[in-house]
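Written below as structure tokens is the structure these notes are about.
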Amino acid sequence: EQKLEFICTFSPAFDKLLGGGVPIGKITELCGAAGAGKTQVCMQLCVNVQIPETFGGRNAKAIFIDTEGSFTSNRIIEIVKSTQNLLVDRFNLTNREELIKHNFTVEKVLQNIYYYRCSDHVQLLACFNNVKVLIEKQPSIKLVIIDSLAYPFRFVDFKDSNLLTMKTNILNNMMTIAYQLITKFNLAILITNQMTTRITRDSVSNVSSSNLVPALGETWAHSANLRILLSWRNSKRQACVCKSSYLPDMSCFYKITERGIED
Ligand code: ATP
Ligand code: MG
């Protein structure tokens with residue numbers, strides 16, 4: 001068994017929960033209700049994957065496939081600036097010159113995030129095929145994000161069996177490509193997912209939080225190597241391992257501040 005490499009989140013508690021960070025060579029699913037922090041974690045990781053190796057990063061590039069339109073470069077800029085400050089502190093640098101020398105600047109970080117905007121499932125599949133071609137040309141890409149996978153399928157009526165078959169086919173297709181990518185190029189795939197109401201014969205009317213389950217169903221649930229549930233209560237944010245072949249089911253607290261993800 002090969003030793004895992006990680007992309008850190010910058011919350012030591014969250015990284016510990018993940019066994020070191022978001023694993024390279026695996027497919028990780030981040031699920032949680034609206035506002036849980038999924039997009040924020042994704043944006044932080046787009047920055048962190050680019051940290052120079054001398055400062056404990058991967059010196060790599062990221063792809064961000066945005067299906068909801070929630071990515072903002074202003075937030076990336078904010079996170080890069082605070083990450084620069086954090087590195088200056090942590091490595092006792094006298095100023096940011098050392099970071100600039102290693103190309104860890106706002107401009108470079110923005111340039112090294114390949115951004116795709118998709119609004120429906122057809123565009124998403126086409127985009128994922130393009131991404132495969134891009135990665136073949138750019139092996140320095142170590143992180144591929146899809147935020148979110150469920151949103152482009154929101155119009156698929158679960159009572160229409162033709163549409164359901166098409167949805168299953170597209171998801172299976174995408175997962176086949178995803179597995180090829182992680183094995184061939186040793187990169188991390190991070191996919192966000194929404195929560196939905198569990199539909200059972202008699203529970204449709206009785207909607208409670210315990211009826212909330214990750215969207216996209218049972219088949220998809222087996223596709224990710226790692227499923228992390230983000231939630232928050234009384235202004236405390238929690239991350240919880242729901243499914244993993246190598247991590248215990250545990251949870252931790254973390255924060256989202258103007259600086260990004262922290263303990
Ligand atoms: P959705 O399912 O709607 O996409 P999400 O899980 O992606 O939701 P995020 O957009 O990641 O949720 O999280 C939004 C939350 O992150 C905000 O409610 C806010 O609490 C926090 N947040 C966002 N930007 C900042 C910031 N600049 N400073 C502090 N907190 C922020
Ligand atoms: Mg989001």
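Each chain of the structure tokens is named A, B, ... in the order shown, its residues numbered from 1; ligands are numbered from 1 in display order.
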
Quick one: contact table of chain A to ligand 1, 10 Å max, nearest atom pair and distance in Å to one decimal per residue, counting only C-alpha atoms and all ligand atoms, chain and number order, as a tab-separated table?
```
residue	atom	partner	partner_atom_place_in_ligand_line	distance
A:Leu30	CA	ligand 1	6 (O)	8.7
A:Cys31	CA	ligand 1	6 (O)	7.7
A:Gly32	CA	ligand 1	6 (O)	6.0
A:Ala33	CA	ligand 1	2 (O)	5.5
A:Ala34	CA	ligand 1	2 (O)	3.3
A:Gly35	CA	ligand 1	12 (O)	3.4
A:Ala36	CA	ligand 1	6 (O)	3.8
A:Gly37	CA	ligand 1	11 (O)	3.1
A:Lys38	CA	ligand 1	6 (O)	3.7
A:Thr39	CA	ligand 1	11 (O)	3.6
A:Gln40	CA	ligand 1	11 (O)	3.8
A:Val41	CA	ligand 1	11 (O)	6.4
A:Cys42	CA	ligand 1	11 (O)	7.8
A:Met43	CA	ligand 1	11 (O)	8.5
A:Thr67	CA	ligand 1	4 (O)	9.8
A:Glu68	CA	ligand 1	4 (O)	7.2
A:Gly69	CA	ligand 1	4 (O)	9.0
A:Ser70	CA	ligand 1	4 (O)	6.9
A:Phe71	CA	ligand 1	10 (O)	8.7
A:Thr72	CA	ligand 1	24 (N)	9.9
A:Asn74	CA	ligand 1	27 (N)	9.2
A:Arg75	CA	ligand 1	27 (N)	6.4
A:Ile76	CA	ligand 1	27 (N)	9.6
A:Glu78	CA	ligand 1	27 (N)	7.6
A:Ile79	CA	ligand 1	27 (N)	8.6
A:Asp147	CA	ligand 1	4 (O)	7.7
A:Ser148	CA	ligand 1	4 (O)	7.5
A:Tyr151	CA	ligand 1	2 (O)	9.2
A:Thr192	CA	ligand 1	7 (O)	8.0
A:Asn193	CA	ligand 1	2 (O)	7.8
A:Gln194	CA	ligand 1	2 (O)	6.0
A:Met195	CA	ligand 1	2 (O)	8.4
A:Leu230	CA	ligand 1	6 (O)	7.6
A:Ser231	CA	ligand 1	6 (O)	8.6
A:Trp232	CA	ligand 1	20 (O)	9.7
A:Ser235	CA	ligand 1	20 (O)	8.6
A:Arg237	CA	ligand 1	20 (O)	9.4
A:Lys255	CA	ligand 1	30 (N)	8.4
A:Ile256	CA	ligand 1	30 (N)	5.0
A:Thr257	CA	ligand 1	29 (C)	3.8
A:Glu258	CA	ligand 1	28 (N)	3.4
A:Arg259	CA	ligand 1	28 (N)	6.8
A:Gly260	CA	ligand 1	28 (N)	6.9
A:Ile261	CA	ligand 1	30 (N)	8.9
```

(request) Just the strand (DSSP E or B) stuff from stretch 44-182 of chain A, please, per backbone DSSP, written as a PyMOL selection string. (result) chain A and resi 61-66+113-117+141-147

For the residues in the current selection, export C-alpha atoms as a CSV table (one decimal), in the first residue's frame.
```
chain,number,residue,atom,x,y,z
A,61,LYS,CA,-2.5,23.7,-9.7
A,62,ALA,CA,-6.2,23.2,-9.3
A,63,ILE,CA,-9.3,22.9,-11.4
A,64,PHE,CA,-12.6,24.3,-10.1
A,65,ILE,CA,-15.8,23.1,-11.8
A,66,ASP,CA,-18.5,25.5,-10.6
A,113,ILE,CA,-7.0,27.8,-10.8
A,114,TYR,CA,-8.6,26.6,-14.0
A,115,TYR,CA,-12.2,27.7,-13.7
A,116,TYR,CA,-15.1,26.1,-15.5
A,117,ARG,CA,-18.7,27.2,-15.1
A,141,ILE,CA,-2.8,19.7,-11.6
A,142,LYS,CA,-3.2,17.9,-8.3
A,143,LEU,CA,-6.7,19.0,-7.3
A,144,VAL,CA,-10.0,18.7,-9.2
A,145,ILE,CA,-13.1,20.2,-7.6
A,146,ILE,CA,-16.7,19.8,-8.6
A,147,ASP,CA,-19.0,22.2,-6.6
```

(request) Considering only C-alpha atoms, return as a ChimeraX atom specification whatever protein or nucleic-acid residues lie within 10 Å of stretch 215-229 of chain A, sequence-local ones (same chain, fewer than 3 positions apart) excluded. (result) /A:17-18,22-23,25-33,36,38,149-151,153-154,167-168,171-172,175-176,178-179,189-198,212,238-247,249-251

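Residues in contact with A:Ser11 at 9 Å, where only C-alpha atoms are counted and same-chain residues fewer than 3 positions away are skipped, are listed as Cys8, Phe14, Asp15, Lys16, Tyr254, Lys255, Ile261, Glu262 and Asp263 of chain A.
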
Preceding selection exported with N, CA and C atoms as a PDB file, in the first residue's frame:
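Everything below was put into selection_14.pdb:
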```
ATOM      1  N   CYS A   8      -3.527  20.107   2.784  1.00  0.00           N
ATOM      2  CA  CYS A   8      -4.054  20.484   4.102  1.00  0.00           C
ATOM      3  C   CYS A   8      -5.140  21.549   3.980  1.00  0.00           C
ATOM      4  N   PHE A  14      -9.286  19.677  11.585  1.00  0.00           N
ATOM      5  CA  PHE A  14      -9.894  19.112  10.377  1.00  0.00           C
ATOM      6  C   PHE A  14      -8.878  18.198   9.675  1.00  0.00           C
ATOM      7  N   ASP A  15      -7.620  18.662   9.584  1.00  0.00           N
ATOM      8  CA  ASP A  15      -6.580  17.849   8.943  1.00  0.00           C
ATOM      9  C   ASP A  15      -6.368  16.534   9.690  1.00  0.00           C
ATOM     10  N   LYS A  16      -6.395  16.614  11.020  1.00  0.00           N
ATOM     11  CA  LYS A  16      -6.204  15.412  11.834  1.00  0.00           C
ATOM     12  C   LYS A  16      -7.347  14.430  11.569  1.00  0.00           C
ATOM     13  N   TYR A 254     -14.299  23.185  13.538  1.00  0.00           N
ATOM     14  CA  TYR A 254     -13.393  24.066  12.794  1.00  0.00           C
ATOM     15  C   TYR A 254     -14.121  25.396  12.594  1.00  0.00           C
ATOM     16  N   LYS A 255     -13.402  26.388  12.061  1.00  0.00           N
ATOM     17  CA  LYS A 255     -14.022  27.712  11.864  1.00  0.00           C
ATOM     18  C   LYS A 255     -13.868  28.190  10.431  1.00  0.00           C
ATOM     19  N   ILE A 261     -10.234  28.884   6.373  1.00  0.00           N
ATOM     20  CA  ILE A 261     -10.529  27.747   7.263  1.00  0.00           C
ATOM     21  C   ILE A 261      -9.494  27.726   8.390  1.00  0.00           C
ATOM     22  N   GLU A 262      -9.944  27.621   9.639  1.00  0.00           N
ATOM     23  CA  GLU A 262      -9.030  27.567  10.787  1.00  0.00           C
ATOM     24  C   GLU A 262      -9.613  26.679  11.877  1.00  0.00           C
ATOM     25  N   ASP A 263      -8.838  26.492  12.956  1.00  0.00           N
ATOM     26  CA  ASP A 263      -9.334  25.762  14.127  1.00  0.00           C
ATOM     27  C   ASP A 263     -10.256  26.650  14.947  1.00  0.00           C
TER      28      ASP A 263
END
```

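Relative to atom CA of A:Glu5, atom CA of A:Thr94 is found at 29.4 Å.
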
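Here atom CA of A:Ile51 is placed at a distance of 12.2 Å from atom CA of A:Val88.
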